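Report on the following structure.
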Amino acid sequence: MNDTSTLDVIGRRVEVNGEHATVRFSGVVPPVAGLWLGVEWDNPARGKHDGSHEGTVYFKCRHPTGGSFIRPNKVNFGVDFLTAVKNRYMLEDGPEEDGKDQIVIIGNKPVETIGFDSVIKQQSENKLNFPSGSPSLTGKFPALKVLVLNRTGITWAEVLQCAPGWPVLEELYLESNNLSISERPVGVLQTVKLLDLSSNPLIDENQLFRIAYLPRLEQLILSDVGISSIHFPDAGTGCKTSMFPSLQYLVVNDNQISQWSFINELDKLQSLHALSCLRNPLTEGDSGGAQTTRQFIIAKISQLKTLNKCEILSEERRGAELDYRKAFGNEWKKAGGHQDPDKNRPNEEFLAAHPRYHSLCLKYGAPEDGELQTQQPFLLKNQLLTLQIKYPNQVDQKVTEKQLPDSMTVQKVKGLLSRLLKVPVSELLLSYESPKMPGREIELENDQQSLQFYSVENGDCLLVRW
Amino acid sequence: MRECLSIHVGQAGIQIGDACWELYCLEHGIQPDGVVLNSKKDQLENAEMEHTNASFSTFFSETRAGKHVPRALFVDLEPSVIDGIQAGQQRLLFPPERLVSGKEDAANNYARGRYSVGAGVIDLVLEKIKLVEHCGGLQGFLIFRSLGGGTGSGFTSLLMEQLSAEYSRKTNLEFSVYPAPRISTAVVEPYNSVLTTHSTMEHSNCTFMVDNEALYDICHHKLGVERPSYANINRLIGQALSSITASLRFEGPLNVDLIEFQTNLVPYPRIHFPTTTFAPIISAASAYHEEPSVSDITAACFDCSSQLVRCDPRLGKYMACCLLYRGDVVPKDVNAAIAAMKSRSSVQFVDWSPTGFKVGINSQPPTVTPGGDLAKAQRAVCMLSNTTAVVEAWARLDHKFDLMYAKRAFLHWYIREGMEEGEFLEAREDLAALEKDYEEMGQST
């Protein structure tokens, strides 16, 4: 079963006790006799050295402990594709017969399968799992729509090399391959609608530009790649980028996103409808709680229809946008914003941090000052009015200040003042004037009414005459 | 031959029905207006469809015009939910005579659903059933309802009594939404559930239970849906249902019939409450990240978190297990997986049921609704297990019932509609007896 002809064993994928590796060397390693295979493990900590033994370099590894020498008979080369299928389905009959016919029609070259030798044939979908390191594969798969190459150790270059054989490929899964996107796909992968690049920690935002112009790319899955920022340089604040033109659904769970600027940049995507952004430092942190984070994300990306798999209804959007506008209203004012459109000139920093603020103001109107006042907690002391008391008829009486609750009736105020001034209640005449209405004096004639009834406010001035 | 009629009662039943017929149509290639995709266009694409044409007559009937009509009946005592169906995506699929609605609803009141308002609608419903029922060989009825609602509890009790009387030889399978332990949608759920369980106990052959809390947790933790809505949950239930009925609709190496379920799952007539578990539940964003093998999904079934009902099977013993596989599954793998399960110490079987496993294999892989949360898997399993741990669920319900009944709280709403306190006591005693029965099952002989 093991095919150990040394010539074509290099580059093949093998498996030893559940660990996968790629063969890098085959030959004799003195002083020990016999044939050895030098392998580079997928898991870099598994090996003993980096390909050299007692000074001689036999092969190179990416990691100092990524390699080992193993005897060929300990190694599992996997089985030939057709054999694997036959072994598995040998006991089945009926519909599986159709499945087998499909294999012949496609005309596969025998391909090795390692580990995932589960193969499903459906009439229009072929999901193959096949390994890397086989650049010899030049067979065409004219109907192949879904290709899963998870955990095969394939590199981007190899993907592009094989890509001309997949002219109608729609879904490409490349999870956990330690790959980095090294070049732009030109003329290939143009029909791809879904690309899964999860768990490839070497990917960073700059590499994303290389796949940014795939015309049909609708779903991009970038979970667990360690990305923390994204930037579309071709679009300024508030404009739409021409990158990722058809991208509708983006998944960025389990990453290192901690800045709101990431979300701001996402608003520049033209077609983004759905976003999944769970388990990132931004969403996990305590800054206002999960609900606020969700609302901010909704408000920052205008055309988002689904967030974390929950549909955003129009009431939720409206609520989120209004809250966002209110929450940052004070900052906006400090940065130079103003209700009057002529005077409205918020500074660059604010605009960069809140690119949608302007359009929200246009939609709902600029936030009023009344809205922006922080709510005072309902303590009695917050309900007190601080009033100045003037005695216009008495020249020598100084102006005093008192704090009175606004629910106090005029009669009680008179009682208070009469005790203070030693003047009988019946002789007191009260009125007040407000700095907001200079010159106007309002009489407080009805003893039974409260100060609130007369709209006495904080900072007003009571005038007492007798 | 072998047709099954689905009856969806009350809001819960109807909304579950909506999700599950949507899934059935996708599986059979039937478009939302009832027409099958044209198989002449692309021979290669629909070769499989032709295969399956013959078998879906269990669930769909064909009209002369070539339209496929589901064998389903939707019943509710108030019109709003049914109007939702008539305005929804599948309005062309269900002809108006299959949608029965009354004028005044049951107001979460078993007595209204059963006696006052329900009595007015029952005759109409039975007539419709007669019309639908003239098919070759009706196997039985699948009844979808919730235990806590008014229509779901009261009207279903009435309906099942009548069905039992008229169609005594037919199987009655129920899919009930059990009231979740910590999430309630109605205060009087315990009353309604206890009363209806008592009434339908003798008429139902097997009752599959699901509960909302377990489903919310699955959606939240496994599928990454932050705030699951009923739509998400109903799709999950639809998947489980589809697996259960797959043998009836598709060919497979090892088919399991409706009657076979009962024969293998129900040791005594009253012990007919299996729990449902579904695996694998993978989010669409992690599709293909793990390729669960047959042993993986079998092991997942015995894990509490994949259960669709909140109860801990490790605290009880299994009496019978039915594993329904679908997709790319070979009997060799199944046997290996089951052997592994049996050797696990956490899976305990009662003394008097040593073999305990019934297996069904169907080659049709699971389908997913587009835009849904589940990833398309190559193989799936639905496990129906009759375990004594389900008594925990009944005990919880009974406890809540006792708390309310001790103070006779909310009782006047039922008395007003013509019920008597005696009925409450009777029902409660029946459930107490059920709990005792389960306990006896679990004891060693």
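Residue numbers start at 1 in each chain; chains themselves are named A, B, ... in the order of the structure tokens; ligands are numbered from 1 in the order shown.
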Taking a cut-off of 9 Å and counting only C-alpha atoms, can you build a table that, for each residue of chain B near chain A, reports the nearest atom pair and how far apart they are in Å (one decimal), sorted by chain then residue number, as a Markdown table?
| residue | atom | partner | partner_atom | distance |
| --- | --- | --- | --- | --- |
| B:Leu44 | CA | A:Gln123 | CA | 5.8 |
| B:Glu45 | CA | A:Gln123 | CA | 5.2 |
| B:Asn46 | CA | A:Gln123 | CA | 7.6 |
| B:Ala47 | CA | A:Gln123 | CA | 7.7 |
| B:Glu48 | CA | A:Gln123 | CA | 7.9 |
| B:His51 | CA | A:Pro95 | CA | 8.9 |
| B:Leu223 | CA | A:Lys309 | CA | 8.9 |
| B:Gly224 | CA | A:Asn308 | CA | 7.0 |
| B:Val225 | CA | A:Lys309 | CA | 5.1 |
| B:Glu226 | CA | A:Asn308 | CA | 5.9 |
| B:Arg227 | CA | A:Cys310 | CA | 6.2 |
| B:Pro228 | CA | A:Cys310 | CA | 7.0 |
| B:Ser229 | CA | A:Cys310 | CA | 7.8 |
| B:Glu251 | CA | A:Pro95 | CA | 8.9 |
| B:Gly252 | CA | A:Gly94 | CA | 8.5 |
| B:Pro253 | CA | A:Glu92 | CA | 7.9 |
| B:Ala285 | CA | A:Ile221 | CA | 6.8 |
| B:Ser286 | CA | A:Ser198 | CA | 8.4 |
| B:Ala287 | CA | A:Tyr173 | CA | 8.6 |
| B:Tyr288 | CA | A:Val148 | CA | 7.2 |
| B:His289 | CA | A:Glu175 | CA | 6.7 |
| B:Glu290 | CA | A:Asn150 | CA | 9.0 |
| B:Glu291 | CA | A:Phe116 | CA | 7.9 |
| B:Ser293 | CA | A:Ser118 | CA | 8.9 |
| B:Asp328 | CA | A:Ile120 | CA | 7.3 |
| B:Val330 | CA | A:Glu92 | CA | 7.1 |
| B:Pro331 | CA | A:Leu91 | CA | 8.3 |
| B:Lys332 | CA | A:Leu91 | CA | 8.5 |
| B:Ser363 | CA | A:Pro95 | CA | 7.8 |
| B:Gly372 | CA | A:Lys309 | CA | 8.9 |
| B:Asp373 | CA | A:Lys309 | CA | 7.5 |
| B:Gln378 | CA | A:Ile120 | CA | 7.6 |
_Need the shell around Lys317 of chain B: protein/DNA/RNA residues with any atom at most 8 Å away, counting only C-alpha atoms. Skip same-chain ones fewer than 5 positions apart. Format as JSON, numbers by chain?_
{"B": [347, 348, 349, 350, 387, 388, 389, 442]}
Would you mind exporting the chosen residues as a compact mmCIF listing (two decimals), in the first residue's frame, restricted to N, CA, C and O atoms?
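Result file follows (out.txt):
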# COMPACT_ATOMS: atom_id res chain seq x y z
N VAL B 347 -23.39 6.69 29.75
CA VAL B 347 -24.60 6.25 29.07
C VAL B 347 -25.06 4.97 29.73
O VAL B 347 -24.51 3.90 29.50
N GLN B 348 -26.09 5.11 30.55
CA GLN B 348 -26.57 3.94 31.29
C GLN B 348 -27.91 3.50 30.77
O GLN B 348 -28.81 4.31 30.63
N PHE B 349 -28.02 2.23 30.55
CA PHE B 349 -29.30 1.69 30.12
C PHE B 349 -29.98 0.98 31.28
O PHE B 349 -29.32 0.48 32.18
N VAL B 350 -31.30 0.92 31.21
CA VAL B 350 -32.00 0.17 32.26
C VAL B 350 -31.70 -1.31 32.10
O VAL B 350 -31.35 -1.77 31.02
N THR B 387 -35.70 8.38 27.90
CA THR B 387 -34.87 8.30 29.08
C THR B 387 -35.67 8.66 30.32
O THR B 387 -36.59 9.48 30.25
N THR B 388 -35.31 8.07 31.41
CA THR B 388 -36.07 8.37 32.64
C THR B 388 -35.79 9.77 33.13
O THR B 388 -36.51 10.28 33.99
N ALA B 389 -34.76 10.41 32.60
CA ALA B 389 -34.45 11.77 33.06
C ALA B 389 -35.53 12.77 32.70
O ALA B 389 -35.58 13.86 33.26
N GLY B 442 -36.83 3.29 36.21
CA GLY B 442 -35.40 3.45 36.42
C GLY B 442 -34.83 2.53 37.47
O GLY B 442 -33.62 2.34 37.54
*Please provide as a PyMOL selection string all residues within 10 Å of Val413 of chain A, with the sequence filter that same-chain residues fewer than 5 positions apart are discarded (counting only C-alpha atoms).*
chain A and resi 404+408+418+425+430+447+450-451
If you keep N, CA, C and O atoms, can you produce a file of those selected residues as a PDB file, in the first residue's frame?
ATOM      1  N   LEU A 404     -34.767  76.674  47.351  1.00  0.00           N
ATOM      2  CA  LEU A 404     -36.135  76.265  47.650  1.00  0.00           C
ATOM      3  C   LEU A 404     -36.583  75.215  46.645  1.00  0.00           C
ATOM      4  O   LEU A 404     -36.240  75.295  45.474  1.00  0.00           O
ATOM      5  N   MET A 408     -42.703  74.181  46.301  1.00  0.00           N
ATOM      6  CA  MET A 408     -43.101  74.963  47.487  1.00  0.00           C
ATOM      7  C   MET A 408     -44.153  75.993  47.088  1.00  0.00           C
ATOM      8  O   MET A 408     -44.016  76.677  46.076  1.00  0.00           O
ATOM      9  N   SER A 418     -41.258  85.804  56.128  1.00  0.00           N
ATOM     10  CA  SER A 418     -41.742  86.619  57.240  1.00  0.00           C
ATOM     11  C   SER A 418     -40.991  86.287  58.513  1.00  0.00           C
ATOM     12  O   SER A 418     -40.665  87.164  59.304  1.00  0.00           O
ATOM     13  N   VAL A 425     -46.859  88.143  57.427  1.00  0.00           N
ATOM     14  CA  VAL A 425     -47.062  87.514  56.121  1.00  0.00           C
ATOM     15  C   VAL A 425     -47.975  88.334  55.234  1.00  0.00           C
ATOM     16  O   VAL A 425     -47.746  88.498  54.038  1.00  0.00           O
ATOM     17  N   LEU A 430     -44.859  89.319  46.691  1.00  0.00           N
ATOM     18  CA  LEU A 430     -43.749  88.657  46.011  1.00  0.00           C
ATOM     19  C   LEU A 430     -43.907  88.747  44.508  1.00  0.00           C
ATOM     20  O   LEU A 430     -45.013  88.662  43.966  1.00  0.00           O
ATOM     21  N   ASP A 447     -51.481  82.592  46.431  1.00  0.00           N
ATOM     22  CA  ASP A 447     -50.737  81.932  47.498  1.00  0.00           C
ATOM     23  C   ASP A 447     -50.756  80.416  47.406  1.00  0.00           C
ATOM     24  O   ASP A 447     -49.880  79.744  47.926  1.00  0.00           O
ATOM     25  N   SER A 450     -47.700  76.796  43.414  1.00  0.00           N
ATOM     26  CA  SER A 450     -46.294  76.541  43.730  1.00  0.00           C
ATOM     27  C   SER A 450     -45.404  77.395  42.847  1.00  0.00           C
ATOM     28  O   SER A 450     -45.855  77.986  41.876  1.00  0.00           O
ATOM     29  N   LEU A 451     -44.154  77.417  43.197  1.00  0.00           N
ATOM     30  CA  LEU A 451     -43.185  78.163  42.391  1.00  0.00           C
ATOM     31  C   LEU A 451     -43.115  77.609  40.966  1.00  0.00           C
ATOM     32  O   LEU A 451     -42.930  78.321  39.997  1.00  0.00           O
TER      33      LEU A 451
END
*asked:* If DSSP is run on the backbone, what residues of segment 337-444 of chain B are alpha helix (DSSP H)? A reply as a PyMOL selection string would be ideal.
replied: chain B and resi 337-342+391-406+411-416+421-442
_Please compute the atom CA of Gly29 of chain B-atom CA of Val9 of chain B distance, one decimal, in Å._
26.3 Å
*Please identify all polymer residues within 10 Å of segment 331-340 of chain A, counting only C-alpha atoms, omitting same-chain residues fewer than 2 positions from it, and present them as a PyMOL selection string.*
chain A and resi 325-329+342-351+354+357-358+361+365-369+372
Pull C-alpha atoms from the residues just selected and write them as a PDB file, in the first residue's frame.
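The result, written out as again.pdb:
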ATOM      1  CA  ARG A 325     -26.191  61.023  17.858  1.00  0.00           C
ATOM      2  CA  LYS A 326     -27.094  61.924  21.410  1.00  0.00           C
ATOM      3  CA  ALA A 327     -24.220  60.059  22.987  1.00  0.00           C
ATOM      4  CA  PHE A 328     -21.569  61.924  21.054  1.00  0.00           C
ATOM      5  CA  GLY A 329     -23.399  65.249  20.918  1.00  0.00           C
ATOM      6  CA  ASP A 342     -23.043  77.946   8.871  1.00  0.00           C
ATOM      7  CA  LYS A 343     -21.193  77.680  12.104  1.00  0.00           C
ATOM      8  CA  ASN A 344     -20.921  73.933  11.984  1.00  0.00           C
ATOM      9  CA  ARG A 345     -17.278  73.077  11.574  1.00  0.00           C
ATOM     10  CA  PRO A 346     -16.282  70.040  13.557  1.00  0.00           C
ATOM     11  CA  ASN A 347     -12.608  69.352  13.480  1.00  0.00           C
ATOM     12  CA  GLU A 348     -10.878  66.640  11.456  1.00  0.00           C
ATOM     13  CA  GLU A 349     -10.302  64.388  14.398  1.00  0.00           C
ATOM     14  CA  PHE A 350     -13.964  64.221  15.230  1.00  0.00           C
ATOM     15  CA  LEU A 351     -14.898  63.580  11.625  1.00  0.00           C
ATOM     16  CA  HIS A 354     -17.395  59.608  13.663  1.00  0.00           C
ATOM     17  CA  TYR A 357     -22.201  61.927  12.354  1.00  0.00           C
ATOM     18  CA  HIS A 358     -22.879  64.464   9.663  1.00  0.00           C
ATOM     19  CA  CYS A 361     -27.501  65.131  11.778  1.00  0.00           C
ATOM     20  CA  GLY A 365     -31.513  67.178  12.800  1.00  0.00           C
ATOM     21  CA  ALA A 366     -28.621  68.365  14.891  1.00  0.00           C
ATOM     22  CA  PRO A 367     -28.933  67.445  18.548  1.00  0.00           C
ATOM     23  CA  GLU A 368     -30.572  70.086  20.682  1.00  0.00           C
ATOM     24  CA  ASP A 369     -28.857  71.385  23.744  1.00  0.00           C
ATOM     25  CA  LEU A 372     -27.460  66.787  25.482  1.00  0.00           C
TER      26      LEU A 372
END
_Which residues are near Phe424 of chain B? Cut-off 10 Å, only C-alpha atoms, ignore same chain within fewer than 4 positions. Put them as a list in words._
Tyr191, Asn192, Val194, Leu195, His198, Phe401, Tyr405, Leu411, Tyr414, Met419, Glu420, Arg428, Glu429 and Asp430 of chain B
_Distance of atom CA of Ile263 of chain A from atom CA of Phe296 of chain A, expressed in Å to one decimal place_ =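 Separation of atom CA of Phe296 of chain A and atom CA of Ile263 of chain A: 9.2 Å.
Relative to atom CA of Ala143 of chain A, atom CA of Leu217 of chain A is found at 18.6 Å.
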Which polymer residues have any atom within 12 Å of an atom of Ser407 of chain A, counting only C-alpha atoms, with same-chain residues fewer than 2 positions away left out, as a short mmCIF file (atom, residue, chain, number, x, y, z; two decimals) with all heavy atoms, in the first residue's frame?
data_model
loop_
_atom_site.label_atom_id
_atom_site.label_comp_id
_atom_site.auth_asym_id
_atom_site.auth_seq_id
_atom_site.Cartn_x
_atom_site.Cartn_y
_atom_site.Cartn_z
N LEU A 380 -33.50 64.89 45.89
CA LEU A 380 -34.22 66.09 46.27
C LEU A 380 -33.37 67.33 46.04
O LEU A 380 -33.84 68.37 45.61
CB LEU A 380 -34.67 66.00 47.73
CG LEU A 380 -35.63 67.11 48.14
CD1 LEU A 380 -36.87 67.08 47.26
CD2 LEU A 380 -36.05 66.94 49.59
N GLN A 383 -33.68 68.91 42.83
CA GLN A 383 -34.93 69.57 42.51
C GLN A 383 -35.01 70.96 43.11
O GLN A 383 -36.01 71.64 42.99
CB GLN A 383 -36.12 68.75 43.04
CG GLN A 383 -36.16 67.34 42.52
CD GLN A 383 -36.25 67.29 41.02
OE1 GLN A 383 -35.29 66.99 40.33
NE2 GLN A 383 -37.41 67.65 40.53
N LEU A 384 -33.97 71.34 43.82
CA LEU A 384 -34.05 72.65 44.48
C LEU A 384 -33.67 73.75 43.52
O LEU A 384 -32.78 73.60 42.69
CB LEU A 384 -33.10 72.68 45.68
CG LEU A 384 -33.48 71.75 46.83
CD1 LEU A 384 -32.42 71.80 47.90
CD2 LEU A 384 -34.81 72.17 47.41
N LEU A 385 -34.35 74.85 43.65
CA LEU A 385 -34.01 76.03 42.86
C LEU A 385 -33.18 76.96 43.71
O LEU A 385 -33.52 77.25 44.86
CB LEU A 385 -35.29 76.78 42.44
CG LEU A 385 -36.36 75.97 41.76
CD1 LEU A 385 -37.63 76.78 41.65
CD2 LEU A 385 -35.89 75.55 40.37
N GLN A 403 -32.15 78.29 48.76
CA GLN A 403 -32.50 77.16 47.90
C GLN A 403 -33.87 76.66 48.30
O GLN A 403 -34.09 76.31 49.46
CB GLN A 403 -31.50 76.04 48.10
CG GLN A 403 -30.19 76.31 47.40
CD GLN A 403 -29.34 75.08 47.33
OE1 GLN A 403 -29.33 74.30 48.28
NE2 GLN A 403 -28.64 74.91 46.24
N LEU A 404 -34.77 76.67 47.35
CA LEU A 404 -36.13 76.26 47.65
C LEU A 404 -36.58 75.21 46.64
O LEU A 404 -36.24 75.30 45.47
CB LEU A 404 -37.07 77.47 47.53
CG LEU A 404 -36.75 78.68 48.42
CD1 LEU A 404 -37.63 79.85 48.03
CD2 LEU A 404 -36.99 78.32 49.88
N PRO A 405 -37.37 74.24 47.10
CA PRO A 405 -37.92 73.28 46.12
C PRO A 405 -38.97 73.95 45.27
O PRO A 405 -39.69 74.83 45.73
CB PRO A 405 -38.53 72.19 47.00
CG PRO A 405 -38.78 72.83 48.30
CD PRO A 405 -37.81 73.94 48.47
N THR A 409 -45.20 76.11 47.88
CA THR A 409 -46.23 77.09 47.52
C THR A 409 -45.78 78.48 47.93
O THR A 409 -44.93 78.66 48.79
CB THR A 409 -47.56 76.79 48.25
OG1 THR A 409 -47.31 76.78 49.65
CG2 THR A 409 -48.13 75.48 47.80
N VAL A 410 -46.43 79.46 47.28
CA VAL A 410 -46.07 80.86 47.53
C VAL A 410 -46.34 81.21 49.00
O VAL A 410 -45.60 81.95 49.63
CB VAL A 410 -46.87 81.77 46.57
CG1 VAL A 410 -46.62 83.23 46.88
CG2 VAL A 410 -46.49 81.46 45.14
N GLN A 411 -47.39 80.61 49.53
CA GLN A 411 -47.74 80.90 50.92
C GLN A 411 -46.62 80.50 51.87
O GLN A 411 -46.25 81.23 52.78
CB GLN A 411 -49.01 80.14 51.28
CG GLN A 411 -49.52 80.46 52.66
CD GLN A 411 -50.93 79.96 52.80
OE1 GLN A 411 -51.27 78.92 52.23
NE2 GLN A 411 -51.75 80.69 53.51
N LYS A 412 -46.06 79.31 51.58
CA LYS A 412 -44.98 78.84 52.44
C LYS A 412 -43.76 79.71 52.29
O LYS A 412 -43.01 79.98 53.24
CB LYS A 412 -44.62 77.39 52.09
CG LYS A 412 -45.74 76.40 52.36
CD LYS A 412 -45.48 75.65 53.62
CE LYS A 412 -46.69 74.95 54.17
NZ LYS A 412 -47.44 74.14 53.25
N VAL A 413 -43.51 80.19 51.04
CA VAL A 413 -42.36 81.07 50.82
C VAL A 413 -42.54 82.35 51.64
O VAL A 413 -41.61 82.85 52.29
CB VAL A 413 -42.22 81.42 49.32
CG1 VAL A 413 -41.08 82.39 49.11
CG2 VAL A 413 -41.98 80.17 48.50
N GLN A 448 -51.79 79.90 46.79
CA GLN A 448 -51.94 78.43 46.79
C GLN A 448 -51.08 77.76 45.74
O GLN A 448 -50.89 76.55 45.78
CB GLN A 448 -53.41 78.06 46.52
CG GLN A 448 -54.38 78.69 47.49
CD GLN A 448 -54.02 78.42 48.93
OE1 GLN A 448 -53.60 77.33 49.27
NE2 GLN A 448 -54.16 79.44 49.75
N GLN A 449 -50.58 78.51 44.78
CA GLN A 449 -49.82 77.89 43.70
C GLN A 449 -48.37 77.71 44.09
O GLN A 449 -47.86 78.42 44.96
CB GLN A 449 -49.90 78.75 42.43
CG GLN A 449 -51.28 78.86 41.87
CD GLN A 449 -51.77 77.55 41.31
OE1 GLN A 449 -51.06 76.55 41.34
NE2 GLN A 449 -52.99 77.55 40.81
N SER A 450 -47.70 76.80 43.41
CA SER A 450 -46.29 76.54 43.73
C SER A 450 -45.40 77.39 42.85
O SER A 450 -45.85 77.99 41.88
CB SER A 450 -45.97 75.06 43.48
OG SER A 450 -46.13 74.80 42.11
N LEU A 451 -44.15 77.42 43.20
CA LEU A 451 -43.19 78.16 42.39
C LEU A 451 -43.11 77.61 40.97
O LEU A 451 -42.93 78.32 40.00
CB LEU A 451 -41.79 78.09 43.03
CG LEU A 451 -41.64 78.81 44.37
CD1 LEU A 451 -40.25 78.57 44.93
CD2 LEU A 451 -41.88 80.29 44.21
N GLN A 452 -43.31 76.32 40.89
CA GLN A 452 -43.24 75.66 39.57
C GLN A 452 -44.36 76.16 38.67
O GLN A 452 -44.17 76.31 37.47
CB GLN A 452 -43.40 74.16 39.79
CG GLN A 452 -42.98 73.31 38.64
CD GLN A 452 -43.32 71.87 38.95
OE1 GLN A 452 -44.35 71.57 39.55
NE2 GLN A 452 -42.46 70.97 38.57
N PHE A 453 -45.51 76.45 39.28
CA PHE A 453 -46.64 76.94 38.51
C PHE A 453 -46.29 78.24 37.79
O PHE A 453 -46.70 78.48 36.67
CB PHE A 453 -47.85 77.15 39.46
CG PHE A 453 -49.04 77.74 38.81
CD1 PHE A 453 -49.88 76.94 38.05
CD2 PHE A 453 -49.33 79.08 38.94
CE1 PHE A 453 -51.00 77.48 37.44
CE2 PHE A 453 -50.46 79.62 38.34
CZ PHE A 453 -51.29 78.82 37.59
N TYR A 454 -45.50 79.06 38.50
CA TYR A 454 -45.10 80.33 37.92
C TYR A 454 -43.84 80.23 37.08
O TYR A 454 -43.27 81.24 36.69
CB TYR A 454 -44.91 81.37 39.02
CG TYR A 454 -46.22 81.84 39.61
CD1 TYR A 454 -46.64 81.41 40.86
CD2 TYR A 454 -47.05 82.71 38.90
CE1 TYR A 454 -47.84 81.82 41.39
CE2 TYR A 454 -48.27 83.12 39.43
CZ TYR A 454 -48.66 82.67 40.67
OH TYR A 454 -49.85 83.08 41.19
N SER A 455 -43.40 78.99 36.84
CA SER A 455 -42.19 78.75 36.05
C SER A 455 -40.98 79.45 36.59
O SER A 455 -40.16 79.99 35.86
CB SER A 455 -42.39 79.23 34.59
OG SER A 455 -43.52 78.68 34.04
N VAL A 456 -40.87 79.42 37.92
CA VAL A 456 -39.65 79.97 38.50
C VAL A 456 -38.55 78.96 38.28
O VAL A 456 -38.72 77.77 38.53
CB VAL A 456 -39.84 80.21 40.02
CG1 VAL A 456 -38.57 80.77 40.63
CG2 VAL A 456 -40.99 81.17 40.25
N GLU A 457 -37.40 79.43 37.78
CA GLU A 457 -36.32 78.50 37.48
C GLU A 457 -35.08 78.85 38.26
O GLU A 457 -34.99 79.89 38.90
CB GLU A 457 -36.02 78.54 35.99
CG GLU A 457 -37.05 77.81 35.17
CD GLU A 457 -36.73 77.90 33.70
OE1 GLU A 457 -35.61 78.29 33.36
OE2 GLU A 457 -37.63 77.58 32.90
#
_From a backbone DSSP assignment, name each residue in segment 76-257 of chain B labelled strand (DSSP E), as a VMD selection string._
chain B and resid 76 99 to 101 138 to 146 171 to 178 206 to 211
Those residues with C-alpha atoms, as a PDB file, in the first residue's frame please?
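After the write, result.pdb holds the following:
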ATOM      1  CA  ASP B  76     -56.096  28.282  15.017  1.00  0.00           C
ATOM      2  CA  LEU B  99     -56.180  26.932   6.723  1.00  0.00           C
ATOM      3  CA  VAL B 100     -58.878  26.984   9.362  1.00  0.00           C
ATOM      4  CA  SER B 101     -59.257  29.901  11.702  1.00  0.00           C
ATOM      5  CA  LEU B 138     -53.272   6.948   5.754  1.00  0.00           C
ATOM      6  CA  GLN B 139     -50.556   5.968   8.178  1.00  0.00           C
ATOM      7  CA  GLY B 140     -51.271   8.477  10.854  1.00  0.00           C
ATOM      8  CA  PHE B 141     -51.349  12.015  12.091  1.00  0.00           C
ATOM      9  CA  LEU B 142     -48.521  14.280  13.117  1.00  0.00           C
ATOM     10  CA  ILE B 143     -49.786  16.947  15.463  1.00  0.00           C
ATOM     11  CA  PHE B 144     -47.760  20.073  16.177  1.00  0.00           C
ATOM     12  CA  ARG B 145     -48.695  22.262  19.109  1.00  0.00           C
ATOM     13  CA  SER B 146     -47.445  23.952  22.228  1.00  0.00           C
ATOM     14  CA  THR B 171     -50.956   6.443  14.711  1.00  0.00           C
ATOM     15  CA  ASN B 172     -50.925   9.762  16.490  1.00  0.00           C
ATOM     16  CA  LEU B 173     -47.560  11.398  16.875  1.00  0.00           C
ATOM     17  CA  GLU B 174     -47.267  14.675  18.658  1.00  0.00           C
ATOM     18  CA  PHE B 175     -44.579  17.322  18.526  1.00  0.00           C
ATOM     19  CA  SER B 176     -45.077  19.478  21.567  1.00  0.00           C
ATOM     20  CA  VAL B 177     -43.338  22.611  22.651  1.00  0.00           C
ATOM     21  CA  TYR B 178     -42.833  22.110  26.336  1.00  0.00           C
ATOM     22  CA  CYS B 206     -45.687   9.180  21.092  1.00  0.00           C
ATOM     23  CA  THR B 207     -44.954  12.758  22.075  1.00  0.00           C
ATOM     24  CA  PHE B 208     -41.685  14.359  21.012  1.00  0.00           C
ATOM     25  CA  MET B 209     -40.868  17.327  23.160  1.00  0.00           C
ATOM     26  CA  VAL B 210     -38.793  20.407  22.453  1.00  0.00           C
ATOM     27  CA  ASP B 211     -38.377  23.447  24.627  1.00  0.00           C
TER      28      ASP B 211
END
*Residue neighbourhood Pro30 of chain A, 12 Å, only C-alpha atoms, exclusion window fewer than 5 positions, as number ranges by chain*: A: 35-36, 52-56, 58, 69
Give one line per residue of segment 250-341 of chain A that approaches segment 201-209 of chain A to at most 12 Å, naming the two atoms of the closest pair and their distance in Å to one decimal, counting only C-alpha atoms; sort by chain then ascending residue number and deliver it as a Markdown table.
| residue | atom | partner | partner_atom | distance |
| --- | --- | --- | --- | --- |
| A:Asp254 | CA | A:Pro201 | CA | 11.4 |
| A:Asn255 | CA | A:Pro201 | CA | 9.8 |
| A:Gln256 | CA | A:Pro201 | CA | 11.2 |
| A:Ile257 | CA | A:Glu205 | CA | 11.8 |
| A:Phe262 | CA | A:Glu205 | CA | 10.9 |
